[in-house]
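Let me begin by presenting the structure, written as structure tokens, before commenting on it.
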Number of protein chains: 2
Amino acid sequence: MISTAEAISLISDSTRPLEAVTTALSKSLGCITTEDVTAKIDLPPFDQSAMDGYAICLGGEDTYSVIGEIQAGDDASEFSLSKGEAVKIFTGAMVPKTADLVCRIEDIVEKGNVISVTKTPTKGANIRWQGEQIKKGETSILKGGKVNPATIGFLANLGIKDLSVVRKPIISIISTGNELISPDELNTLPEGKIFESNSVMLSSALHSLGYESRHSRHLQDDYNEVCKGLKKALHESDVLIISGGISVGDYDFVGKGLQENGVKQVFYKVNQKPGKPLFFGTKGNKLVFALPGNPAAALTCFYIYVLPALNKLSGQGFIGLPKSTSTLTTSLTKSNSREQFLKAYDDNNGTVKILEGQSSAMLKSFAEANALIHLPSHSTPQEGETVEVIKLS
Amino acid sequence: MISTAEAISLISDSTRPLEAVTTALSKSLGCITTEDVTAKIDLPPFDQSAMDGYAICLGGEDTYSVIGEIQAGDDASEFSLSKGEAVKIFTGAMVPKTADLVCRIEDIVEKGNVISVTKTPTKGANIRWQGEQIKKGETSILKGGKVNPATIGFLANLGIKDLSVVRKPIISIISTGNELISPDELNTLPEGKIFESNSVMLSSALHSLGYESRHSRHLQDDYNEVCKGLKKALHESDVLIISGGISVGDYDFVGKGLQENGVKQVFYKVNQKPGKPLFFGTKGNKLVFALPGNPAAALTCFYIYVLPALNKLSGQGFIGLPKSTSTLTTSLTKSNSREQFLKAYDDNNGTVKILEGQSSAMLKSFAEANALIHLPSHSTPQEGETVEVIKLS
């Protein structure tokens, strides 16, 4: 059985960033840009008043005749001031080329059409010069950056509406198993059935990390249905996240169905707890993760393996949740021959507690956890020891 | 002028959590629960096989006659095993009450209808007992918790479809100013105009933090238009985020329009850079933030003041972005009488660099920043000194 590090390295090696697409700027949050973006205008596009006040053409005196008013949005390109003249101006408005500076309204005494300046600032004061943030033809945003709200504001300010970014993966979630009933389907559980929870859990996890599942479907344990469902999902998706169905059982048709559909196994089973029966395969550049059916195991594998692959597909590195180290406040009594991911609560102040209920079926402790502790195989760390912590929130 | 700490305390004191609403479980991610949630079923709902193998009724011998098969999803409640009998069983399937344990398929030799057990596990092995995760009537989720993907999975597993949570605020974004042109409206900028960027920037910032703006509108500098627009927005929203328009200028009608609509000013102006002309007011439980028009100032005020208020409205504490401390790799040469929020790049390894381009109009540096450094007034921290850092991503 391979180690978690080997599994990570095999997945990363199989994952190539998707192609570039043009997207609306407003939809590009979190995407990686694929081109340097050139400014098509100066920013500011004109000399702009930074204050409410008066734009004046210096004339040697402290009094100026007011010859007009320029509001924000007005075209003042033809406006001309002679020495000793002033124009009332507002924040964001165009400063005439003939003005030397802007006096703040607070430093002015108004008397009819004449103003006295009580405090003349230096030449050029209170003006945001045309192109001082960026000039037409300069690079505004370098390729390879992640689009954040400020990027969007900056590019919108430059009049840019579309952006070339790495496409985000199309993701299908597939749950399998005759025992699963959707809570939307029936209120009362028939004997032998359980309510299906992995698909809504995984789509929530995707959403919380900036991804969306495009398709979500349930397949019964029937070879033809599984084959057909997988074929369709492979056709329409970049990534399949399957939960349940890979094992040696006579009615686990996922492995056979994937083989039938040309998916090449990269690995099956990882020396970890929970999540040992993890399958990873590829078909061309498409990635297939068959996660264990147990909810806590499925979610753990999602965070450790699926998330960094989605990030790499999207043009980032093979980057998962943030990691740090914390000091254990509890001791582990039993070692395990497998690496372990333990549901834990980190106080974000240097200490971390192992939660009760570590079974791979149990989500209760996962809901209370804000971290996973990653332990090497055969380790029994004691209170006070430092452990690796993966932050969930 | 008040300090940033006073502004924060005034906003927090004016903010009350919104009422409880019932929401679909699949839409509840990030919400705060308002009730303890009681399990209406046992989990697992029946004794469940944890393995593919054979459920056996111990009989003193190592061979068992196989009397049938139970698949996952089958109703095995009437299935009865006598001593020395076994039934083939699959992971997730119901274990008959008369079975003592489940043997893994790997520890079995099959010969027609008889199996030999090569390694008999202890009584109860490989069975997940009915109710071992949670019993009907027990509390599954405590009120006051934040719904994460594992919570959603856990509650879905319990068959819960709806959840009582604190309602998330309805947010309106309003931009004002005759100088603003939407990039969707015109490709070429008329003289004196600039492309509007704050609304798409703020709605992206909201989205990245789990909120959505319900309404986004632009108001021209016209008293009647501003009054009418603010009235509509106050009617349909819990929170107004206005950018631009609060100042002493003759054409800045936002202040007057808010007063006309019964908004009570809590404060106007904070001793900070950028973002001095920040206005905060209330009308009943509705919150009104008039952010500065300068994009970098608007975004800074959003993160520092608006975000924690949205979190408190949503039932969390008055919690903003995570804070930490880092060591400066550059020195500040000029002090300021105001507190400062400087765009910065934190290497997440203990050091932080002040970026170039700190003007309140400049978004370029904000797009490159992953942190804001918060400096007290009159401070000039030098290379090697520790500063407070607010993490943007």
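Identifiers in this document derive from the order of the structure tokens: chains are assigned A, B, ..., residues are numbered from 1 separately in each chain, and ligands are numbered from 1 in order of occurrence.
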
Using only C-alpha atoms, find which residues of chain B lie within 6 Å of chain A and jot them down as a ChimeraX atom specification. /B:52,72-75,94,149-154,156-157,159,178-179,183,191-193,195-197,201,204-205,249,363,366-367

Backbone DSSP call of strand (DSSP E or B) for range 35-208 of chain A, listed as a ChimeraX atom specification: /A:37-38,43,48-49,53-56,63-70,85-89,94,101-104,108-111,114-117,127-128,134,139-141,146,162-166,171-176,180-181,194-195

Same residues, C-alpha atoms, saved as a PDB file, in the first residue's frame:
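Output file out_23.pdb is given in full below:
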```pdb
ATOM      1  CA  VAL A  37      -3.453  42.616 -18.828  1.00  0.00           C
ATOM      2  CA  THR A  38      -2.527  45.894 -20.513  1.00  0.00           C
ATOM      3  CA  LEU A  43      -5.793  55.862 -14.472  1.00  0.00           C
ATOM      4  CA  GLN A  48      -8.660  64.670 -10.940  1.00  0.00           C
ATOM      5  CA  SER A  49      -9.495  66.756  -7.901  1.00  0.00           C
ATOM      6  CA  GLY A  53     -12.620  73.095  -3.096  1.00  0.00           C
ATOM      7  CA  TYR A  54     -11.319  75.477  -5.710  1.00  0.00           C
ATOM      8  CA  ALA A  55      -8.905  74.841  -8.564  1.00  0.00           C
ATOM      9  CA  ILE A  56      -6.828  77.996  -8.932  1.00  0.00           C
ATOM     10  CA  THR A  63      -7.755  86.369  -3.744  1.00  0.00           C
ATOM     11  CA  TYR A  64      -9.185  84.820  -6.887  1.00  0.00           C
ATOM     12  CA  SER A  65     -12.213  85.517  -9.050  1.00  0.00           C
ATOM     13  CA  VAL A  66     -14.449  82.514  -9.434  1.00  0.00           C
ATOM     14  CA  ILE A  67     -15.364  81.987 -13.064  1.00  0.00           C
ATOM     15  CA  GLY A  68     -17.378  78.809 -12.845  1.00  0.00           C
ATOM     16  CA  GLU A  69     -17.915  75.394 -11.366  1.00  0.00           C
ATOM     17  CA  ILE A  70     -16.833  71.901 -12.385  1.00  0.00           C
ATOM     18  CA  GLU A  85      -8.832  82.947 -11.536  1.00  0.00           C
ATOM     19  CA  ALA A  86     -10.432  80.041  -9.752  1.00  0.00           C
ATOM     20  CA  VAL A  87     -13.140  77.502 -10.436  1.00  0.00           C
ATOM     21  CA  LYS A  88     -15.222  75.724  -7.835  1.00  0.00           C
ATOM     22  CA  ILE A  89     -14.477  72.009  -8.080  1.00  0.00           C
ATOM     23  CA  MET A  94     -11.618  67.036 -13.879  1.00  0.00           C
ATOM     24  CA  LEU A 101      -3.522  73.291  -7.616  1.00  0.00           C
ATOM     25  CA  VAL A 102      -6.705  72.630  -5.708  1.00  0.00           C
ATOM     26  CA  CYS A 103      -7.419  74.427  -2.404  1.00  0.00           C
ATOM     27  CA  ARG A 104      -9.582  72.579   0.074  1.00  0.00           C
ATOM     28  CA  ILE A 108     -11.206  79.200   1.567  1.00  0.00           C
ATOM     29  CA  VAL A 109     -13.317  82.235   2.454  1.00  0.00           C
ATOM     30  CA  GLU A 110     -16.056  82.811  -0.130  1.00  0.00           C
ATOM     31  CA  LYS A 111     -17.308  86.359  -0.776  1.00  0.00           C
ATOM     32  CA  VAL A 114     -14.301  86.208  -5.074  1.00  0.00           C
ATOM     33  CA  ILE A 115     -12.487  83.806  -2.792  1.00  0.00           C
ATOM     34  CA  SER A 116      -9.679  84.392  -0.343  1.00  0.00           C
ATOM     35  CA  VAL A 117      -7.301  81.561   0.249  1.00  0.00           C
ATOM     36  CA  ILE A 127      -4.630  66.734  -7.636  1.00  0.00           C
ATOM     37  CA  ARG A 128      -4.489  63.083  -8.634  1.00  0.00           C
ATOM     38  CA  ILE A 134      -1.189  53.403 -14.229  1.00  0.00           C
ATOM     39  CA  THR A 139       0.772  46.141 -17.502  1.00  0.00           C
ATOM     40  CA  SER A 140      -1.980  46.266 -14.907  1.00  0.00           C
ATOM     41  CA  ILE A 141      -2.092  42.661 -13.799  1.00  0.00           C
ATOM     42  CA  LYS A 146      -5.211  34.880  -8.458  1.00  0.00           C
ATOM     43  CA  ASP A 162     -13.546  40.171 -19.726  1.00  0.00           C
ATOM     44  CA  LEU A 163     -10.522  38.312 -18.517  1.00  0.00           C
ATOM     45  CA  SER A 164      -8.550  35.332 -19.772  1.00  0.00           C
ATOM     46  CA  VAL A 165      -8.250  32.831 -16.945  1.00  0.00           C
ATOM     47  CA  VAL A 166      -7.599  29.141 -16.421  1.00  0.00           C
ATOM     48  CA  ILE A 171     -17.059  18.431 -11.460  1.00  0.00           C
ATOM     49  CA  SER A 172     -19.519  15.556 -11.160  1.00  0.00           C
ATOM     50  CA  ILE A 173     -20.425  13.988  -7.855  1.00  0.00           C
ATOM     51  CA  ILE A 174     -21.639  10.407  -8.044  1.00  0.00           C
ATOM     52  CA  SER A 175     -22.978   8.385  -5.162  1.00  0.00           C
ATOM     53  CA  THR A 176     -23.555   4.668  -5.483  1.00  0.00           C
ATOM     54  CA  LEU A 180     -28.971   4.997  -0.081  1.00  0.00           C
ATOM     55  CA  ILE A 181     -32.220   6.962   0.046  1.00  0.00           C
ATOM     56  CA  ILE A 194     -29.734   4.874   5.111  1.00  0.00           C
ATOM     57  CA  PHE A 195     -30.126   8.487   4.123  1.00  0.00           C
TER      58      PHE A 195
END
```

Looking at A:Gly124, A:Pro96, A:Gly84, A:Pro169, which one is nearest to Leu313 in chain A, with distances taken over only C-alpha atoms? A:Pro169

Taking the DSSP secondary structure from the backbone, can you list the residues of range 241-366 of chain A that are helix (DSSP H, G or I), as a PyMOL selection string? chain A and resi 254-260+295-313+364-366

Can you pull out the residues contacting Lys264 in chain A? Cut-off 9 Å, using only C-alpha atoms, and skip same-chain residues under 2 positions away; I want them as a ChimeraX atom specification. /A:258-259,262,266,280-284

Can you pull out the residues contacting Ile11 in chain A? Cut-off 10 Å, using only C-alpha atoms, and skip same-chain residues under 3 positions away; I want them as a list in words. Ala5, Glu6, Ala7, Ile8, Ser14, Thr15, Val266, Phe267, Phe280, Gly281, Thr282, Leu287, Phe289, Tyr305, Val306, Pro308, Ala309 and Phe318 of chain A

Expressed in Å, the length from CA of Phe302 in chain B to CA of Lys343 in chain B is 14.2 Å

Ala344 in chain B surroundings by only C-alpha atoms, 10 Å radius, close-in-sequence under 2 positions cut, as number ranges by chain: B: 328, 341-342, 346-347, 352-356, 358, 365-366, 368-373, 389-392

Could you write those residues out with N, CA, C and O atoms, as a compact mmCIF listing (two decimals), in the first residue's frame?
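Listing of out.txt after writing:
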```txt
# COMPACT_ATOMS: atom_id res chain seq x y z
N LEU B 328 8.28 43.41 10.23
CA LEU B 328 8.43 44.25 9.04
C LEU B 328 9.76 44.00 8.34
O LEU B 328 10.80 43.90 9.00
N PHE B 341 -3.92 51.83 7.63
CA PHE B 341 -4.05 50.45 7.14
C PHE B 341 -3.26 50.39 5.85
O PHE B 341 -3.65 50.99 4.84
N LEU B 342 -2.12 49.69 5.88
CA LEU B 342 -1.22 49.68 4.72
C LEU B 342 -1.34 48.36 3.97
O LEU B 342 -1.31 47.28 4.57
N ASP B 346 2.30 39.50 3.18
CA ASP B 346 2.80 38.68 4.29
C ASP B 346 3.23 37.33 3.72
O ASP B 346 2.48 36.71 2.97
N ASP B 347 4.44 36.89 4.06
CA ASP B 347 4.94 35.63 3.48
C ASP B 347 4.41 34.42 4.25
O ASP B 347 4.80 33.29 3.95
N VAL B 352 6.50 40.51 6.91
CA VAL B 352 5.53 41.23 6.10
C VAL B 352 6.21 42.45 5.48
O VAL B 352 7.06 43.08 6.10
N LYS B 353 5.82 42.74 4.22
CA LYS B 353 6.43 43.83 3.46
C LYS B 353 5.36 44.86 3.11
O LYS B 353 4.27 44.49 2.65
N ILE B 354 5.67 46.14 3.31
CA ILE B 354 4.73 47.20 2.90
C ILE B 354 4.85 47.36 1.38
O ILE B 354 5.95 47.49 0.84
N LEU B 355 3.72 47.35 0.68
CA LEU B 355 3.75 47.48 -0.78
C LEU B 355 3.78 48.94 -1.20
O LEU B 355 3.40 49.83 -0.43
N GLU B 356 4.23 49.20 -2.42
CA GLU B 356 4.22 50.56 -2.94
C GLU B 356 2.83 50.92 -3.42
O GLU B 356 2.08 50.07 -3.89
N GLN B 358 0.26 53.44 -1.78
CA GLN B 358 -0.68 53.37 -0.65
C GLN B 358 -1.81 54.38 -0.76
O GLN B 358 -2.65 54.48 0.14
N SER B 365 -1.98 48.10 -5.79
CA SER B 365 -1.26 47.47 -4.68
C SER B 365 -2.19 46.58 -3.86
O SER B 365 -1.76 45.56 -3.32
N PHE B 366 -3.46 46.95 -3.81
CA PHE B 366 -4.43 46.13 -3.06
C PHE B 366 -4.58 44.77 -3.75
O PHE B 366 -4.71 43.73 -3.10
N GLU B 368 -2.34 43.22 -5.25
CA GLU B 368 -1.12 42.43 -4.98
C GLU B 368 -0.99 42.07 -3.50
O GLU B 368 -0.13 41.27 -3.12
N ALA B 369 -1.81 42.70 -2.68
CA ALA B 369 -1.69 42.52 -1.23
C ALA B 369 -2.39 41.25 -0.77
O ALA B 369 -3.37 40.82 -1.38
N ASN B 370 -1.88 40.63 0.27
CA ASN B 370 -2.62 39.55 0.93
C ASN B 370 -2.84 39.88 2.40
O ASN B 370 -3.31 39.03 3.17
N ALA B 371 -2.51 41.13 2.76
CA ALA B 371 -2.66 41.53 4.16
C ALA B 371 -2.74 43.05 4.26
O ALA B 371 -2.35 43.76 3.33
N LEU B 372 -3.28 43.51 5.36
CA LEU B 372 -3.22 44.94 5.70
C LEU B 372 -2.43 45.04 7.01
O LEU B 372 -2.66 44.25 7.93
N ILE B 373 -1.51 46.00 7.05
CA ILE B 373 -0.83 46.28 8.32
C ILE B 373 -1.60 47.39 9.01
O ILE B 373 -1.88 48.42 8.40
N VAL B 389 -1.06 42.50 11.76
CA VAL B 389 -1.37 42.19 10.37
C VAL B 389 -2.78 41.62 10.28
O VAL B 389 -3.17 40.78 11.08
N ILE B 390 -3.55 42.11 9.32
CA ILE B 390 -4.89 41.58 9.07
C ILE B 390 -4.82 40.80 7.77
O ILE B 390 -4.42 41.33 6.73
N LYS B 391 -5.16 39.51 7.84
CA LYS B 391 -4.98 38.62 6.69
C LYS B 391 -6.15 38.72 5.71
O LYS B 391 -7.30 38.49 6.09
N LEU B 392 -5.83 39.04 4.47
CA LEU B 392 -6.88 39.15 3.44
C LEU B 392 -7.18 37.82 2.78
O LEU B 392 -8.25 37.63 2.21
```

Residue neighbourhood Ser377 in chain B, 10 Å, only C-alpha atoms, exclusion window fewer than 4 positions, as a list of chain:residue names: B:Ser3, B:Asn271, B:Gln272, B:Lys273, B:Ser335, B:Asn336, B:Ser337, B:Arg338, B:Glu339, B:Gln340
